[in-house]
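Asks: Here you go, one structure.
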Amino acid sequence: MIISHPSTKDNLNNGLGNLMQYEEITNGIEGKTEASKFKILVYSPHIFRIHITRNELYDDHSYAVVVQPDFEDYILEDAGDYLTIRTSDITLKVDKQPVKFTFYNKRGEIINEDDVFGTSWIGEQVTTYKKLQDGERFIGLGEKTGPLDRKGHGYQHWNTDHFAYGVESDPLYCSTPFYIGVHHKMAYGIFFDNTHKSHFNFAASNNRFSSFSADSGDMNYYFIHHDSVDHIIQSYSHLTGKMPLPPLWSIGYQQCRYSYYPDKEAVTVAQTFRDKDIPADVIVFDIHYMEDYKIFTWDKKKFSNPKEMIDHLRSLGFHVVVMCDPGIKIEEGYEAYEDGKHQDIFLKYPDGEYYSGQVWPGWCHFPDFTNPKTRRWWEEKFKDYVDLGIHGFWNDMNEIATWGQMLPDLIEFDMEGEKATSRKARNVYGMQMAKSTYEGARNLLKGKRPFNLTRSGFSGVQRYAAVWTGDNVATDEHMLLGVRLVNSLGLAGVAFTGFDTGGFVGNASEHLFARWVELGAFSPFFRGHSMINSRDSEPWAFGEEVEEICRNYIKLRYRLMPYLYSAFYEAAQTGTPVARSLAIDYTHDQKIYDPAYHNQYMFGKNILVAPVESTKHLTKVYLPEGEWYDFFTDRTYKGGETIIAECPIERLPLFIKASSIIPVAPSVGDNTCDLGDVLELHVYKGKEEGQFTYYEDDGESYNYQQGSYLKRTIKYDPGKSSIIVSEAEGKYKSKYNKIRVCLHGFDFDSVRVNETMVEIKEITYRFIEPISNFDPIYTEPNEALQVKDLRFVEFENRAEAFKVTLY
Ligand code: GLC
């Protein structure tokens with residue numbers, strides 16, 4: 001018998017070695033080193049791809065990247081010891097002995113540089129080592145716990161169902177191996193496109209390098225450089241795709257629970273929102289709507305007539321979202337199981353037996369979503385849901401989660417015909433499920449936009465679904481962690497994200513719930529959700545004070561809908577996030593990385609949110625450079641300073657950047673279909689020019705792609721004290737008949753709209769209503785949340801351009 005031992009060589013670190021040869025290919029070069037072959041491809045002046053393999057063939061299929069390199073305007077030079085490839089923005093230097101890569105900016109400064117270990121292997125594991133730069137910080141990487149600046153921390157990408165995860169737990173459900181490095185007033189992004197379990201080390205347990213590695217597969221990464229983090233995210237989104245514009249109703253408030261049943265309970269919950277005048281758009285059905293948790297079925301006892309119930313909910317102005325889990329119960333006679341077997345779409349062991357794992361329904365088989373045939377099968381199964389009037393879907397347990405959490409490595413996946421085991425497929429399974437659900441729903445909905453939510457995903461998941469951060473816990477710490485997770489997902493191109501408002505596991509206290517709703521109102525995805533056997537968690541379930549607070553902040557969310565939908569539009573166009581870590585616009589301000597302030601973010605580009613625990617009445621807030629207005633009172637602050645902000649439970653610290661323009665719908669009704677007919681443009685005096693791109697469409701169809709939208713650029717010119725609104729572009733007629741320009745912080749005696757003098761009106765303006773006095777110690781703040789003597793002008797909303805000038 002011959003026993004082969006791994007060679008000593010495989011137990012040690014093996015680098016690329018020296019350059020042996022290279023040649024020019026379309027969009028770059030291809031070369032050989034002593035140990036490998038590699039390609040360098042130029043995607044744009046800002047994006048280079050480095051692809052290194054020790055195998056005969058490059059692994060070129062990507063689930064993440066949707067574009068091909070398409071840029072030839074670079075210069076290749078051979079200087080003897082090294083090569084350079086130069087675009088207008090980046091120069092890549094390729095050292096020949098040994099091969100290693102250094103990226104320079106156009107001023108010749110090093111942006112990013114391989115450590116001498118460069119790219120190397122230990123056995124099958126491939127790693128790239130980057131020299132740690134002086135003062136370097138690391139941000140992003142998606143759904144990762146820990147601080148905003150990840151320096152000193154290490155992370156894994158391995159999609160994992162982690163019930164009640166801790167505030168330091170890693171990995172969680174979703175993998176987006178893209179991070180941004182910041183140093184010396186520069187920033188760059190690295191996207192490591194390898195779906196195997198991967199590891200990121202940001203100078204954790206060492207002071208020499210940052211590194212990224214995968215258990216197997218190629219070293220295949222994209223290097224992105226721009227002057228701003230925002231543009232880096234946009235280039236990453238160019239590579240991995242953008243989210244489709246979601247239906248407007250899906251960014252309203254969604255009420256969920258594990259689970260609402262029977263049908264009457266769901267209707268009662270919906271009716272209570274209406275009775276209590278709390279806007280909401282969605283009731284979500286968790287697993288109990290199914291018979292024995294079998295997907296595509298309804299529990300006949302609990303939901304005897306789903307159509308009738310859904311019609312009733314629709315008549316109350318609610319959309320319905322239903323849970324979809326991937327596990328198909330092994331049960332003779334169950335249609336999805338029988339048909340799945342018949343079509344042979346389930347995951348298998350190498351010997352051809354179907355893999356069985358346990359999840360909610362008991363023993364299940366799992367559709368292989370990496371097989372196009374399975375995706376078609378799954379897509380068609382949504383017809384019954386759509387026929388019932390359901391437009392929203394929730395993909396859960398798709399890491400794949402099975403009891404024991406140990407999906408065996410040897411399970412085989414189709415991987416678009418290329419076949420691979422769990423080791424390569426696990427991280428993309430959830431995203432491929434989300435893709436199937438999304439594409440199925442989109443095709444079946446015939447012209448209406450679906451809402452799709454997923455727990456698990458990989459880079460590119462934003463093309464198919466919103467992502468929520470799974471099973472969080474009802475604590476203040478978790479609430480703040482949720483904010484960071486959402487911001488970090490935004491840094492990784494996932495703009496439509498949120499957390500379980502109120503906390504999934506455990507019971508929120510009254511004030512924790514109230515604070516969480518305040519923050520949820522400023523999260524891109526806003527859904528209340530809580531676990532089976534936890535206390536009732538609807539906005540009215542925590543007493544009157546909390547109910548008033550919830551009504552206030554949920555209404556505020558709806559009032560801000562014109563602002564928010566415009567931000568979603570921009571995210572769908574460019575990939576720029578809706579919830580924006582301060583690291584996006586204030587990247588080089590060291591203070592924002594201080595853990596005292598690292599939860600702060602911009603909601604859209606103009607509203608600064610300072611998340612704070614439920615127990616605090618006062619908090620420190622850092623306002624970056626510029627000038628700021630307290631959102632509720634218009635009190636102004638100079639930026640670049642820390643202030644003490646009041647935050648009794650009814651008040652979330654919110655600030656507006658000077659020169660901002662915020663479109664608001666003041667008179668909101670039940671849901672996003674009912675935002676009144678007045679559009680307010682709140683303009684905040686400042687020294688800089690301000691600009692806002694306002695976007696509107698029917699909120700539900702794809703007609704906007706045929707020109708049925710309305711877009712206007714609104715410009716504030718401080719020098720001329722004027723606000724110019726461009727002519728409405730597109731064929732859509734605004735829902736708002738009236739425009740009201742609300743002028744914050746300005747000194748003026750008269751106002752002209754175009755050349756006509758108009759009447760100036762004045763009100764005490766409240767973004768939220770004063771709440772009843774529940775706390776005798778704090779009598780002031782409720783009443784104090786108002787802008788005194790806010791002046792405004794009002795006129796008909798016409799499609800022509802107009803100019804408001806203050807004299
Ligand atoms: C998972 C989900 C949770 C859901 C539960 C039951 O734990 O993360 O949101 O309520 O499953 O379906």
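Starting from 1 in every chain, residues are counted up; chains themselves are A, B, ... following the order of the structure tokens, and ligands are numbered from 1 as listed.
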Return as a PyMOL selection string the residues of protein, DNA or RNA that approach ligand 1 to within 10 Å, with only C-alpha atoms and all ligand atoms taken into account.
Replies: chain A and resi 161-164+173+256-259+285-288+293+323-325+359-360+394-398+401+454-456+468-472+499-500+504-505+529-532
Asks: What parts of stretch 515-616 of chain A does DSSP call strand (DSSP E)? I'd like the answer as a list in words.
Replies: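 Assigned to strand (DSSP E), within stretch 515-616 of chain A: Arg527, Gly528, Ala579, Arg580, Ser581, Tyr601, Met602, Phe603, Ile607, Leu608 and Val609 of chain A.
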Asks: To one decimal in Å, tell me the separation between atom CA of A:Lys294 and atom CA of A:Gly460.
Replies: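 These two atoms are separated by 28.6 Å.
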Asks: Using only C-alpha atoms, determine which residues lie at most 6 Å from stretch 728-745 of chain A, disregarding the query and same-chain residues fewer than 4 positions distant; provide the list as a list in words.
Replies: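 The contact residues come out as Asp677, Val678, Leu679, Glu680, Leu681, His682, Val683, Tyr684, Lys685, Gly707, Ser708, Tyr709, Leu710, Lys711, Arg712, Arg791, Phe792, Val793, Glu794, Phe795, Glu796, Asn797 and Ala799 of chain A.
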Asks: One decimal, in Å: what's the spacing between atom CA of A:Asp698 and atom CA of A:Lys446?
Replies: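 Spanning atom CA of A:Asp698 to atom CA of A:Lys446 is a straight-line distance of 15.4 Å.
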Asks: Calculate how many Å separate atom CA of A:Gly317 from atom CA of A:Gly502, rounding to one decimal.
Replies: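 According to the coordinates, atom CA of A:Gly317 and atom CA of A:Gly502 are separated by 23.5 Å.
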Asks: Using only C-alpha atoms, which of the listed residues (A:Ile656, A:Leu444, A:Ala425, A:Ala79) sits closest to A:Asp384?
Replies: A:Leu444
Asks: Measuring between only C-alpha atoms, which one of A:Ile584, A:Met20, A:Val461, A:Ala579 shows the shortest distance to A:Cys174?
Replies: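 Ranking A:Ile584, A:Met20, A:Val461, A:Ala579 by distance to A:Cys174, first place goes to A:Val461.
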Asks: Taking into account only C-alpha atoms, which residue in the set A:Arg484, A:Lys301, A:Arg766, A:Arg752 is nearest to A:Tyr807?
Replies: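 So, comparing all the options, the nearest one is A:Arg752.
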Asks: Smallest atom-to-atom distance to A:Met415: which of A:Leu316, A:Leu132, A:Ile139, A:Val428, using only C-alpha atoms?
Replies: A:Val428
Asks: Skipping near chain neighbours, those fewer than 5 positions away, what residues fall within 9 Å of A:Asn452 using only C-alpha atoms, listed as a VMD selection string?
Replies: chain A and resid 246 321 391 to 395 434 437 to 438 441 464 to 467
Asks: Take the residues from that selection and put them in a file with N, CA and C atoms, as a short mmCIF file (atom, residue, chain, number, x, y, z; two decimals), in the first residue's frame.
Replies:
```cif
data_model
loop_
_atom_site.label_atom_id
_atom_site.label_comp_id
_atom_site.auth_asym_id
_atom_site.auth_seq_id
_atom_site.Cartn_x
_atom_site.Cartn_y
_atom_site.Cartn_z
N PRO A 246 -37.21 49.66 -5.24
CA PRO A 246 -38.26 48.85 -4.61
C PRO A 246 -39.62 49.54 -4.70
N VAL A 321 -46.67 40.25 3.06
CA VAL A 321 -45.38 39.61 2.77
C VAL A 321 -45.42 38.24 3.43
N HIS A 391 -47.48 40.38 -2.85
CA HIS A 391 -46.44 41.02 -3.64
C HIS A 391 -45.09 41.05 -2.92
N GLY A 392 -45.03 40.44 -1.74
CA GLY A 392 -43.78 40.53 -0.98
C GLY A 392 -43.36 39.17 -0.41
N PHE A 393 -42.05 38.91 -0.43
CA PHE A 393 -41.54 37.59 -0.05
C PHE A 393 -40.31 37.73 0.84
N TRP A 394 -40.19 36.77 1.73
CA TRP A 394 -39.17 36.84 2.78
C TRP A 394 -38.41 35.52 2.77
N ASN A 395 -37.18 35.57 2.28
CA ASN A 395 -36.33 34.37 2.18
C ASN A 395 -35.52 34.22 3.47
N ALA A 434 -32.60 33.92 -3.16
CA ALA A 434 -33.22 35.25 -3.26
C ALA A 434 -33.43 35.63 -4.73
N THR A 437 -36.47 33.70 -6.07
CA THR A 437 -37.73 34.25 -5.55
C THR A 437 -38.01 35.58 -6.23
N TYR A 438 -36.98 36.42 -6.31
CA TYR A 438 -37.17 37.75 -6.90
C TYR A 438 -37.59 37.64 -8.37
N ALA A 441 -41.14 36.20 -8.71
CA ALA A 441 -42.17 37.18 -8.34
C ALA A 441 -42.25 38.30 -9.39
N TYR A 464 -31.19 41.50 -5.87
CA TYR A 464 -32.38 40.66 -5.73
C TYR A 464 -33.22 40.92 -4.49
N ALA A 465 -32.62 41.45 -3.45
CA ALA A 465 -33.37 41.51 -2.20
C ALA A 465 -32.81 42.56 -1.25
N ALA A 466 -33.69 42.98 -0.34
CA ALA A 466 -33.24 43.72 0.83
C ALA A 466 -32.69 42.69 1.82
N VAL A 467 -31.85 43.14 2.73
CA VAL A 467 -31.24 42.23 3.70
C VAL A 467 -31.56 42.74 5.10
#
```
